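Working notes, structure below.
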Amino acid sequence: MVTEDFPEDRMQVRDVGTTGSSIETRSASMVATTDVIPLRRKPVQQRSAQRVERMLEACASLIEEVGYDRVTTTLIADRAGVAVGSLYQFFPDKRAVVQALSLRNLERFIATLVERFESAELEHWWDAVDSMFDVYVEMHRTVPAFSQLHFGDVDVRLLSAKKDNNAVIAESLTAIMTKRFGLNTDNLQLPVVVALEAAEGVLEFAFRRDNHGDQEVIAEAKALVKGYLSTWLGDVAR
């Protein structure tokens, strides 16, 4: 598998949770809907946006080092080189910082998929499923704290107050697949959520077996999801 870089210019920190309605990716047509607003106020000046970015990076590095439960707002502020009062200007508590970080992870994931789908020659929906797994696994390996947070593992309602995290992700993935392959998505939302739940469980097993991700288990996860979704989307090539 080719190692991916996830450059910061794919994301705009000023957009994370500030509208209360969407996460904006590099493709305007691909939007993950969410109703959460992690930021107390939108950083208007570049200096403020950079300060928020440092807070998110500090939070990620601390979670990577000591785990979510031991991270505090004071530690985040210290690591980011800002006063804790400055952190509270933008975030009400630690959960909000982690919420913004999880939203950024999702934005990064969707933006990378959109870019891949626009540039790669994907003939079938199952090729897209393989790409989704590959991007997720590479983020697990390379993005700080992703292996612990993913898209909000610390709270099943971190991406939305009304829907589970996987329901939010499923909406985004269904939209991408529909746009790319012209699929009939009637009644597809629940199957995609089920596929996500199954994939999470098997991938967790893959990373328990090997810190880098057991390739054999990852291949089985892909086969499992594609086999299940084929009952809704058509047969997978053998």
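Starting from 1 in every chain, residues are counted up; chains themselves are A, B, ... following the order of the structure tokens, and ligands are numbered from 1 as listed.
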Report as an NGL selection string all protein, DNA and RNA residues lying within 10 Å of region 87-95 of chain A, evaluated on only C-alpha atoms, omitting residues in the same chain fewer than 2 positions from it. :A and (37-43 or 48 or 51-52 or 55 or 59 or 68 or 71-74 or 76-77 or 80 or 82-85 or 97-101 or 154-155 or 158)
What's the 12 Å shell around Asp127 (chain A), counting only C-alpha atoms, without same-chain residues fewer than 6 positions away, as a list in words?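 Listed by chain and then number, they are Leu113, Arg116, Phe117, Ala120, Glu121, Phe133, Asp134, Met177, Arg180, Phe181, Lys222, Ala223, Val225, Lys226, Val236 and Ala237 of chain A.
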Those in region 12-194 of chain A with strand (DSSP E or B) from DSSP, as a list in words: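 Here is the list: Ser22, Ile23, Glu24, Val31, Ala32 and Thr33 of chain A.
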Mind writing the picked residues with N, CA and C atoms as a PDB file, in the first residue's frame?
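Dumped to part19.pdb:
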ATOM      1  N   SER A  22     -22.532  22.064   8.575  1.00  0.00           N
ATOM      2  CA  SER A  22     -21.775  21.212   7.666  1.00  0.00           C
ATOM      3  C   SER A  22     -20.292  21.297   7.905  1.00  0.00           C
ATOM      4  N   ILE A  23     -19.582  20.256   7.400  1.00  0.00           N
ATOM      5  CA  ILE A  23     -18.130  20.270   7.335  1.00  0.00           C
ATOM      6  C   ILE A  23     -17.799  20.455   5.868  1.00  0.00           C
ATOM      7  N   GLU A  24     -17.015  21.488   5.520  1.00  0.00           N
ATOM      8  CA  GLU A  24     -16.753  21.749   4.122  1.00  0.00           C
ATOM      9  C   GLU A  24     -15.472  21.051   3.692  1.00  0.00           C
ATOM     10  N   VAL A  31     -20.637  16.929   1.153  1.00  0.00           N
ATOM     11  CA  VAL A  31     -20.768  17.573   2.457  1.00  0.00           C
ATOM     12  C   VAL A  31     -21.263  16.562   3.478  1.00  0.00           C
ATOM     13  N   ALA A  32     -20.580  16.491   4.612  1.00  0.00           N
ATOM     14  CA  ALA A  32     -21.027  15.669   5.728  1.00  0.00           C
ATOM     15  C   ALA A  32     -21.867  16.552   6.641  1.00  0.00           C
ATOM     16  N   THR A  33     -23.142  16.256   6.774  1.00  0.00           N
ATOM     17  CA  THR A  33     -24.003  17.107   7.581  1.00  0.00           C
ATOM     18  C   THR A  33     -23.836  16.796   9.060  1.00  0.00           C
TER      19      THR A  33
END
Here is a test: counting only C-alpha atoms, which residue of A:Gly182, A:Gly213, A:Gly67, A:Gly81 is nearest to Pro144 (chain A)?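 For Pro144 (chain A), the nearest of the candidates is A:Gly67.
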Rank A:Ala219, A:Val36, A:Ile63, A:Leu203 by their smallest atom-to-atom distance to Val168 (chain A), using only C-alpha atoms, and report the top residue only. A:Val36
Quick one: pick out all helix (DSSP H, G or I) residues within region 18-234 of chain A from a backbone DSSP run and write them as a count of residues only. 144
Do you have, as CSV, the list of residues of region 107-175 of chain A lying at most 6 Å from region 193-200 of chain A, each with its nearest atom pair and that distance in Å to one decimal, counting only C-alpha atoms and ordered by chain then number?
residue,atom,partner,partner_atom,distance
A:Asn166,CA,A:Val193,CA,5.9
A:Ala167,CA,A:Val193,CA,6.0
A:Ala170,CA,A:Val193,CA,5.6
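Straight-line separation from CA of Asp35 (chain A) to CA of Asn105 (chain A): 16.3 Å.
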Between CA of Ala206 (chain A) and CA of Val66 (chain A), what is the distance, to one decimal in Å?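 That distance, rounded to one decimal, is 22.3 Å.
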Which is closer to Ser147 (chain A) than all the others in A:Asn184, A:Ala60, A:His124, A:Ala175, using only C-alpha atoms?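 When distances to Ser147 (chain A) are compared using only C-alpha atoms, the smallest one comes from A:Ala60.
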Considering only C-alpha atoms, can you say which of A:Val202, A:Val156, A:Ala58, A:Thr142 comes closest to Asp214 (chain A)?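 Distance minimum relative to Asp214 (chain A) lands on A:Val202.
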Give me the residues near Arg141 (chain A) as a VMD selection string, where near means some atom within 12 Å (using only C-alpha atoms) and where sequence neighbours in that chain fewer than 2 positions away do not count. chain A and resid 1 3 to 6 64 134 to 139 143 to 148 150 207 210 to 214
Deliver the residues from the most recent selection as a file, using N, CA and C atoms, as a PDB file, in the first residue's frame.
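That gives us selection_15.pdb:
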ATOM      1  N   MET A   1       0.843  -1.192   0.000  1.00  0.00           N
ATOM      2  CA  MET A   1       0.000   0.000   0.000  1.00  0.00           C
ATOM      3  C   MET A   1       0.883   1.248   0.000  1.00  0.00           C
ATOM      4  N   THR A   3       1.989   4.843   0.946  1.00  0.00           N
ATOM      5  CA  THR A   3       1.765   5.737   2.080  1.00  0.00           C
ATOM      6  C   THR A   3       1.300   7.093   1.585  1.00  0.00           C
ATOM      7  N   GLU A   4       0.238   7.600   2.174  1.00  0.00           N
ATOM      8  CA  GLU A   4      -0.353   8.882   1.783  1.00  0.00           C
ATOM      9  C   GLU A   4       0.113   9.988   2.712  1.00  0.00           C
ATOM     10  N   ASP A   5       0.268  11.171   2.171  1.00  0.00           N
ATOM     11  CA  ASP A   5       0.410  12.357   2.997  1.00  0.00           C
ATOM     12  C   ASP A   5      -0.956  13.014   3.101  1.00  0.00           C
ATOM     13  N   PHE A   6      -1.229  13.635   4.224  1.00  0.00           N
ATOM     14  CA  PHE A   6      -2.492  14.319   4.420  1.00  0.00           C
ATOM     15  C   PHE A   6      -2.188  15.778   4.741  1.00  0.00           C
ATOM     16  N   GLU A  64      -2.412  10.890  21.877  1.00  0.00           N
ATOM     17  CA  GLU A  64      -1.488   9.860  21.392  1.00  0.00           C
ATOM     18  C   GLU A  64      -0.557   9.391  22.523  1.00  0.00           C
ATOM     19  N   ASP A 134      -8.405   1.628   2.426  1.00  0.00           N
ATOM     20  CA  ASP A 134      -7.002   2.023   2.342  1.00  0.00           C
ATOM     21  C   ASP A 134      -6.754   3.385   2.986  1.00  0.00           C
ATOM     22  N   VAL A 135      -7.659   4.344   2.732  1.00  0.00           N
ATOM     23  CA  VAL A 135      -7.500   5.676   3.323  1.00  0.00           C
ATOM     24  C   VAL A 135      -7.646   5.608   4.838  1.00  0.00           C
ATOM     25  N   TYR A 136      -8.645   4.863   5.306  1.00  0.00           N
ATOM     26  CA  TYR A 136      -8.875   4.725   6.745  1.00  0.00           C
ATOM     27  C   TYR A 136      -7.657   4.095   7.424  1.00  0.00           C
ATOM     28  N   VAL A 137      -7.144   3.031   6.850  1.00  0.00           N
ATOM     29  CA  VAL A 137      -5.996   2.331   7.446  1.00  0.00           C
ATOM     30  C   VAL A 137      -4.770   3.236   7.463  1.00  0.00           C
ATOM     31  N   GLU A 138      -4.548   3.995   6.381  1.00  0.00           N
ATOM     32  CA  GLU A 138      -3.384   4.872   6.353  1.00  0.00           C
ATOM     33  C   GLU A 138      -3.517   5.992   7.370  1.00  0.00           C
ATOM     34  N   MET A 139      -4.724   6.517   7.560  1.00  0.00           N
ATOM     35  CA  MET A 139      -4.918   7.515   8.600  1.00  0.00           C
ATOM     36  C   MET A 139      -4.673   6.920   9.978  1.00  0.00           C
ATOM     37  N   VAL A 143      -1.955   9.518  11.158  1.00  0.00           N
ATOM     38  CA  VAL A 143      -2.544  10.746  11.710  1.00  0.00           C
ATOM     39  C   VAL A 143      -2.531  10.675  13.232  1.00  0.00           C
ATOM     40  N   PRO A 144      -1.912  11.630  13.916  1.00  0.00           N
ATOM     41  CA  PRO A 144      -1.828  11.594  15.378  1.00  0.00           C
ATOM     42  C   PRO A 144      -3.200  11.459  16.033  1.00  0.00           C
ATOM     43  N   ALA A 145      -3.307  10.513  16.959  1.00  0.00           N
ATOM     44  CA  ALA A 145      -4.494  10.248  17.782  1.00  0.00           C
ATOM     45  C   ALA A 145      -5.640   9.590  17.011  1.00  0.00           C
ATOM     46  N   PHE A 146      -5.513   9.429  15.694  1.00  0.00           N
ATOM     47  CA  PHE A 146      -6.611   8.811  14.946  1.00  0.00           C
ATOM     48  C   PHE A 146      -6.865   7.381  15.415  1.00  0.00           C
ATOM     49  N   SER A 147      -5.818   6.682  15.804  1.00  0.00           N
ATOM     50  CA  SER A 147      -5.982   5.302  16.250  1.00  0.00           C
ATOM     51  C   SER A 147      -6.825   5.205  17.510  1.00  0.00           C
ATOM     52  N   GLN A 148      -6.941   6.308  18.264  1.00  0.00           N
ATOM     53  CA  GLN A 148      -7.770   6.311  19.468  1.00  0.00           C
ATOM     54  C   GLN A 148      -9.100   7.021  19.260  1.00  0.00           C
ATOM     55  N   HIS A 150     -10.439   8.051  15.942  1.00  0.00           N
ATOM     56  CA  HIS A 150     -11.107   7.810  14.666  1.00  0.00           C
ATOM     57  C   HIS A 150     -12.039   8.988  14.372  1.00  0.00           C
ATOM     58  N   PHE A 207      -5.691  -4.341  14.019  1.00  0.00           N
ATOM     59  CA  PHE A 207      -4.667  -3.533  14.687  1.00  0.00           C
ATOM     60  C   PHE A 207      -4.304  -4.082  16.065  1.00  0.00           C
ATOM     61  N   ASP A 210      -1.596  -6.618  14.932  1.00  0.00           N
ATOM     62  CA  ASP A 210      -0.384  -5.979  14.429  1.00  0.00           C
ATOM     63  C   ASP A 210      -0.584  -4.478  14.554  1.00  0.00           C
ATOM     64  N   ASN A 211       0.325  -3.793  15.239  1.00  0.00           N
ATOM     65  CA  ASN A 211       0.196  -2.357  15.439  1.00  0.00           C
ATOM     66  C   ASN A 211       0.100  -1.592  14.131  1.00  0.00           C
ATOM     67  N   HIS A 212       0.633  -2.176  13.076  1.00  0.00           N
ATOM     68  CA  HIS A 212       0.598  -1.535  11.769  1.00  0.00           C
ATOM     69  C   HIS A 212      -0.631  -1.950  10.967  1.00  0.00           C
ATOM     70  N   GLY A 213      -1.377  -2.894  11.502  1.00  0.00           N
ATOM     71  CA  GLY A 213      -2.554  -3.395  10.803  1.00  0.00           C
ATOM     72  C   GLY A 213      -2.239  -4.684  10.074  1.00  0.00           C
ATOM     73  N   ASP A 214      -2.807  -5.790  10.529  1.00  0.00           N
ATOM     74  CA  ASP A 214      -2.573  -7.093   9.911  1.00  0.00           C
ATOM     75  C   ASP A 214      -3.202  -7.108   8.514  1.00  0.00           C
TER      76      ASP A 214
END
Do a neighbour search on Asn187 (chain A) at 12 Å with only C-alpha atoms, toss out local chain neighbours closer than 3 positions, and write the hits as number ranges by chain. A: 171, 174, 183-184, 190-193, 232-233
